[in-house]
Amino acid sequence: SGFVFNNFSLSTKKSKKLIDEIFIPNNKFFHDIKKPIQKLLKNSSIIVGVLIRQTDYREWNHGRHFYSSKQYAKILLKFNKQYPHKNISYFIASDETQDEILFKDLNCIIRVGFPLENMYTLSKCDYLIGPPSSYIGWSSFYGNIPLFSITSENDLPSFDVI
């Protein structure tokens with residue numbers, strides 16, 4: 001029925017601290033992990049992390065969770081309109097180069113590549129949006145961040161606490 005992050009809960013209360021200590025990235029990655037967050041915080045108080053996963057998702061599971069860049073932009077613009085009085089910025093982690101014109105109406109940083117750095121930068125965001133994926137699931141778990149999994153291009157992510 002999908003990834004473990006869709007319909008599965010795991011009690012890690014007793015071991016979360018140890019897990020965090022074991023999986024903390026090496027110091028040499030900290031600058032690239034923190035830099036996008038620090039930059040986005042200059043202009044907003046809420047940072048939404050977004051995973052655009054396309055390379056392997058075109059074929060995996062018959063493209064079930066593949067979304068075009070245009071579809072991602074549409075979802076994020078709809079999301080933005082839900083919160084007109086909030087100053088939201090986006091950290092977009094992608095495995096492919098994106099047409100930045102599609103995201104021009106969003107205050108965002110798009111970073112392509114940097115798999116380790118992006119995973120941990122996502123864990124520093126306030127909220128996460130992306131396709132069902134263990135990659136963004138780890139970011140959500142590690143950072144204890146609410147995650148909205150996109151399962152349709154018509155999905156409208158929402159978070160009760162924004």
# chains A, B, ... in the order shown; residues from 1 in each chain; ligands from 1
call {"tool": "residues_around", "arguments": {"residues": "stretch 130-136 of chain A", "least_positions_apart": "2", "cutoff": "9 Å", "atoms": "only C-alpha atoms", "output": "VMD selection string"}}
result
chain A and resid 2 to 6 49 to 53 65 to 67 72 119 122 to 123 128 138 to 141 147 to 152
call {"tool": "select_by_dssp", "arguments": {"residues": "chain A", "states": "strand (DSSP E)", "output": "count of residues only"}}
result
27
call {"tool": "atom_distance", "arguments": {"atom1": "atom CA of A:Arg64", "atom2": "atom CA of A:Asp95"}}
result
17.2 Å
call {"tool": "residues_around", "arguments": {"residues": "A:Ile88", "least_positions_apart": "6", "cutoff": "8 Å", "atoms": "only C-alpha atoms", "output": "list in words"}}
result
Ser44, Ser45, Ile46, Ile47, Val48, Asn80 and Asn107 of chain A
call {"tool": "write_last_selection", "arguments": {"atoms": "C-alpha atoms", "output": "mmCIF file, in the first residue's frame"}}
result
data_model
loop_
_atom_site.group_PDB
_atom_site.id
_atom_site.type_symbol
_atom_site.label_atom_id
_atom_site.label_comp_id
_atom_site.auth_asym_id
_atom_site.auth_seq_id
_atom_site.Cartn_x
_atom_site.Cartn_y
_atom_site.Cartn_z
ATOM 1 C CA SER A 44 9.548 35.361 6.065
ATOM 2 C CA SER A 45 8.664 33.626 9.269
ATOM 3 C CA ILE A 46 7.333 30.376 7.768
ATOM 4 C CA ILE A 47 9.391 28.077 5.577
ATOM 5 C CA VAL A 48 7.739 25.238 3.720
ATOM 6 C CA ASN A 80 0.010 30.121 -0.915
ATOM 7 C CA ASN A 107 9.495 33.446 -2.514
#
call {"tool": "atom_distance", "arguments": {"atom1": "atom CA of A:Cys125", "atom2": "atom CA of A:Phe30"}}
result
14.7 Å
call {"tool": "residues_around", "arguments": {"residues": "stretch 32-36 of chain A", "least_positions_apart": "5", "cutoff": "10 Å", "atoms": "only C-alpha atoms", "output": "list in words"}}
result
Pro25, Asn27, Leu41, Tyr90, Phe91, Ile92, Cys108, Ile109, Ile110, Arg111, Phe114, Leu116, Glu117, Asn118, Met119, Tyr120, Thr121, Leu122, Ser123 and Lys124 of chain A
call {"tool": "write_last_selection", "arguments": {"atoms": "N, CA, C and O atoms", "output": "short mmCIF file (atom, residue, chain, number, x, y, z; two decimals), in the first residue's frame"}}
result
data_model
loop_
_atom_site.label_atom_id
_atom_site.label_comp_id
_atom_site.auth_asym_id
_atom_site.auth_seq_id
_atom_site.Cartn_x
_atom_site.Cartn_y
_atom_site.Cartn_z
N PRO A 25 24.47 14.85 10.60
CA PRO A 25 25.45 14.96 9.50
C PRO A 25 26.80 15.47 10.01
O PRO A 25 26.88 16.17 11.01
N ASN A 27 30.01 17.77 10.32
CA ASN A 27 30.13 19.23 10.38
C ASN A 27 30.37 19.88 9.02
O ASN A 27 29.95 21.01 8.78
N LEU A 41 14.72 33.05 5.96
CA LEU A 41 14.22 33.66 7.19
C LEU A 41 14.37 35.18 7.20
O LEU A 41 13.72 35.87 7.99
N TYR A 90 9.62 29.20 0.47
CA TYR A 90 9.73 27.79 0.12
C TYR A 90 11.18 27.41 -0.13
O TYR A 90 11.89 28.09 -0.87
N PHE A 91 11.57 26.31 0.47
CA PHE A 91 12.83 25.68 0.11
C PHE A 91 12.44 24.47 -0.74
O PHE A 91 11.79 23.55 -0.27
N ILE A 92 12.81 24.51 -2.01
CA ILE A 92 12.46 23.45 -2.94
C ILE A 92 13.70 22.63 -3.25
O ILE A 92 14.67 23.14 -3.81
N CYS A 108 11.13 31.74 -3.05
CA CYS A 108 11.67 30.39 -2.91
C CYS A 108 13.14 30.32 -3.29
O CYS A 108 13.67 31.18 -3.98
N ILE A 109 13.74 29.26 -2.81
CA ILE A 109 15.07 28.84 -3.23
C ILE A 109 14.91 27.44 -3.78
O ILE A 109 14.31 26.58 -3.12
N ILE A 110 15.40 27.23 -4.97
CA ILE A 110 15.36 25.90 -5.59
C ILE A 110 16.80 25.39 -5.63
O ILE A 110 17.68 26.04 -6.18
N ARG A 111 17.01 24.23 -5.02
CA ARG A 111 18.34 23.65 -5.04
C ARG A 111 18.26 22.25 -5.65
O ARG A 111 17.50 21.41 -5.19
N PHE A 114 22.57 17.85 -4.32
CA PHE A 114 22.86 17.95 -2.89
C PHE A 114 21.97 17.02 -2.05
O PHE A 114 21.26 17.47 -1.16
N LEU A 116 22.24 14.79 0.45
CA LEU A 116 22.32 14.81 1.91
C LEU A 116 21.92 16.18 2.45
O LEU A 116 21.11 16.28 3.36
N GLU A 117 22.49 17.22 1.87
CA GLU A 117 22.22 18.57 2.34
C GLU A 117 20.73 18.91 2.22
O GLU A 117 20.14 19.48 3.13
N ASN A 118 20.12 18.56 1.10
CA ASN A 118 18.70 18.86 0.91
C ASN A 118 17.83 18.11 1.91
O ASN A 118 16.86 18.66 2.45
N MET A 119 18.16 16.84 2.16
CA MET A 119 17.36 16.06 3.11
C MET A 119 17.36 16.73 4.48
O MET A 119 16.32 16.85 5.13
N TYR A 120 18.53 17.20 4.91
CA TYR A 120 18.61 17.80 6.24
C TYR A 120 18.15 19.25 6.24
O TYR A 120 17.66 19.74 7.27
N THR A 121 18.25 19.95 5.12
CA THR A 121 17.66 21.29 5.04
C THR A 121 16.14 21.18 5.15
O THR A 121 15.50 21.97 5.84
N LEU A 122 15.56 20.20 4.47
CA LEU A 122 14.11 19.97 4.60
C LEU A 122 13.72 19.74 6.06
O LEU A 122 12.68 20.20 6.52
N SER A 123 14.59 19.07 6.81
CA SER A 123 14.28 18.78 8.22
C SER A 123 14.31 20.03 9.09
O SER A 123 13.86 20.00 10.24
N LYS A 124 14.81 21.14 8.56
CA LYS A 124 14.87 22.42 9.28
C LYS A 124 13.69 23.34 8.95
O LYS A 124 13.58 24.43 9.48
#
call {"tool": "residues_around", "arguments": {"residues": "A:Lys81", "least_positions_apart": "4", "cutoff": "12 Å", "atoms": "only C-alpha atoms", "output": "count of residues only"}}
result
13
call {"tool": "select_by_dssp", "arguments": {"residues": "stretch 9-129 of chain A", "states": "alpha helix (DSSP H)", "output": "VMD selection string"}}
result
chain A and resid 16 to 22 30 to 41 69 to 82 115 to 122
call {"tool": "write_last_selection", "arguments": {"atoms": "N, CA and C atoms", "output": "compact mmCIF listing (two decimals), in the first residue's frame"}}
result
# COMPACT_ATOMS: atom_id res chain seq x y z
N LYS A 16 14.41 8.24 20.02
CA LYS A 16 14.55 9.37 19.08
C LYS A 16 15.86 10.13 19.31
N LYS A 17 16.21 10.39 20.55
CA LYS A 17 17.44 11.15 20.83
C LYS A 17 18.66 10.40 20.31
N LEU A 18 18.71 9.11 20.53
CA LEU A 18 19.83 8.30 20.07
C LEU A 18 19.87 8.25 18.53
N ILE A 19 18.72 8.11 17.91
CA ILE A 19 18.64 8.12 16.44
C ILE A 19 19.18 9.43 15.90
N ASP A 20 18.76 10.55 16.49
CA ASP A 20 19.24 11.86 16.06
C ASP A 20 20.76 11.97 16.19
N GLU A 21 21.30 11.47 17.28
CA GLU A 21 22.75 11.53 17.50
C GLU A 21 23.50 10.68 16.49
N ILE A 22 22.97 9.52 16.19
CA ILE A 22 23.63 8.61 15.25
C ILE A 22 23.64 9.19 13.84
N PHE A 30 27.16 21.27 7.46
CA PHE A 30 26.30 22.20 8.18
C PHE A 30 26.06 23.51 7.45
N HIS A 31 27.10 24.07 6.87
CA HIS A 31 26.94 25.35 6.17
C HIS A 31 25.90 25.23 5.05
N ASP A 32 26.03 24.21 4.21
CA ASP A 32 25.10 24.04 3.09
C ASP A 32 23.71 23.63 3.55
N ILE A 33 23.60 23.03 4.72
CA ILE A 33 22.29 22.67 5.27
C ILE A 33 21.58 23.93 5.76
N LYS A 34 22.27 24.78 6.47
CA LYS A 34 21.66 25.94 7.11
C LYS A 34 21.50 27.15 6.19
N LYS A 35 22.35 27.29 5.19
CA LYS A 35 22.38 28.49 4.36
C LYS A 35 21.02 28.86 3.75
N PRO A 36 20.29 27.93 3.09
CA PRO A 36 19.00 28.32 2.51
C PRO A 36 17.98 28.78 3.56
N ILE A 37 17.98 28.13 4.71
CA ILE A 37 17.05 28.49 5.78
C ILE A 37 17.35 29.90 6.27
N GLN A 38 18.61 30.19 6.52
CA GLN A 38 19.00 31.52 6.99
C GLN A 38 18.61 32.59 5.98
N LYS A 39 18.80 32.31 4.71
CA LYS A 39 18.46 33.28 3.67
C LYS A 39 16.94 33.51 3.61
N LEU A 40 16.16 32.44 3.66
CA LEU A 40 14.70 32.56 3.57
C LEU A 40 14.12 33.24 4.81
N LEU A 41 14.72 33.05 5.96
CA LEU A 41 14.22 33.66 7.19
C LEU A 41 14.37 35.18 7.20
N SER A 69 6.84 19.79 -13.20
CA SER A 69 7.19 21.03 -12.49
C SER A 69 6.01 21.99 -12.49
N LYS A 70 5.29 22.02 -13.58
CA LYS A 70 4.11 22.88 -13.67
C LYS A 70 3.05 22.47 -12.64
N GLN A 71 2.88 21.17 -12.44
CA GLN A 71 1.92 20.69 -11.45
C GLN A 71 2.36 21.07 -10.03
N TYR A 72 3.65 20.93 -9.74
CA TYR A 72 4.15 21.34 -8.43
C TYR A 72 3.91 22.83 -8.21
N ALA A 73 4.23 23.64 -9.21
CA ALA A 73 4.03 25.09 -9.08
C ALA A 73 2.57 25.41 -8.82
N LYS A 74 1.68 24.74 -9.52
CA LYS A 74 0.23 24.96 -9.34
C LYS A 74 -0.20 24.62 -7.91
N ILE A 75 0.29 23.51 -7.39
CA ILE A 75 -0.04 23.11 -6.03
C ILE A 75 0.46 24.14 -5.02
N LEU A 76 1.69 24.61 -5.20
CA LEU A 76 2.26 25.58 -4.26
C LEU A 76 1.58 26.94 -4.34
N LEU A 77 1.20 27.35 -5.54
CA LEU A 77 0.48 28.62 -5.67
C LEU A 77 -0.90 28.54 -5.01
N LYS A 78 -1.58 27.41 -5.16
CA LYS A 78 -2.86 27.22 -4.47
C LYS A 78 -2.65 27.22 -2.96
N PHE A 79 -1.60 26.57 -2.53
CA PHE A 79 -1.29 26.55 -1.10
C PHE A 79 -1.06 27.96 -0.57
N ASN A 80 -0.29 28.74 -1.30
CA ASN A 80 0.01 30.12 -0.92
C ASN A 80 -1.27 30.95 -0.76
N LYS A 81 -2.21 30.75 -1.67
CA LYS A 81 -3.46 31.52 -1.64
C LYS A 81 -4.32 31.20 -0.41
N GLN A 82 -4.11 30.04 0.18
CA GLN A 82 -4.85 29.68 1.40
C GLN A 82 -4.46 30.55 2.59
N PRO A 115 21.95 15.73 -2.34
CA PRO A 115 21.01 14.82 -1.68
C PRO A 115 21.06 14.86 -0.14
N LEU A 116 22.24 14.79 0.45
CA LEU A 116 22.32 14.81 1.91
C LEU A 116 21.92 16.18 2.45
N GLU A 117 22.49 17.22 1.87
CA GLU A 117 22.22 18.57 2.34
C GLU A 117 20.73 18.91 2.22
N ASN A 118 20.12 18.56 1.10
CA ASN A 118 18.70 18.86 0.91
C ASN A 118 17.83 18.11 1.91
N MET A 119 18.16 16.84 2.16
CA MET A 119 17.36 16.06 3.11
C MET A 119 17.36 16.73 4.48
N TYR A 120 18.53 17.20 4.91
CA TYR A 120 18.61 17.80 6.24
C TYR A 120 18.15 19.25 6.24
N THR A 121 18.25 19.95 5.12
CA THR A 121 17.66 21.29 5.04
C THR A 121 16.14 21.18 5.15
N LEU A 122 15.56 20.20 4.47
CA LEU A 122 14.11 19.97 4.60
C LEU A 122 13.72 19.74 6.06
call {"tool": "closest_residue", "arguments": {"among": "A:Ser68, A:Pro84, A:Lys42, A:Arg58", "to": "A:Asp99", "atoms": "only C-alpha atoms"}}
result
A:Ser68
call {"tool": "atom_distance", "arguments": {"atom1": "atom CA of A:Glu100", "atom2": "atom CA of A:Val112"}}
result
11.6 Å
call {"tool": "closest_residue", "arguments": {"among": "A:Ser94, A:Tyr83, A:Lys28, A:Lys104", "to": "A:Asp160", "atoms": "only C-alpha atoms"}}
result
A:Tyr83
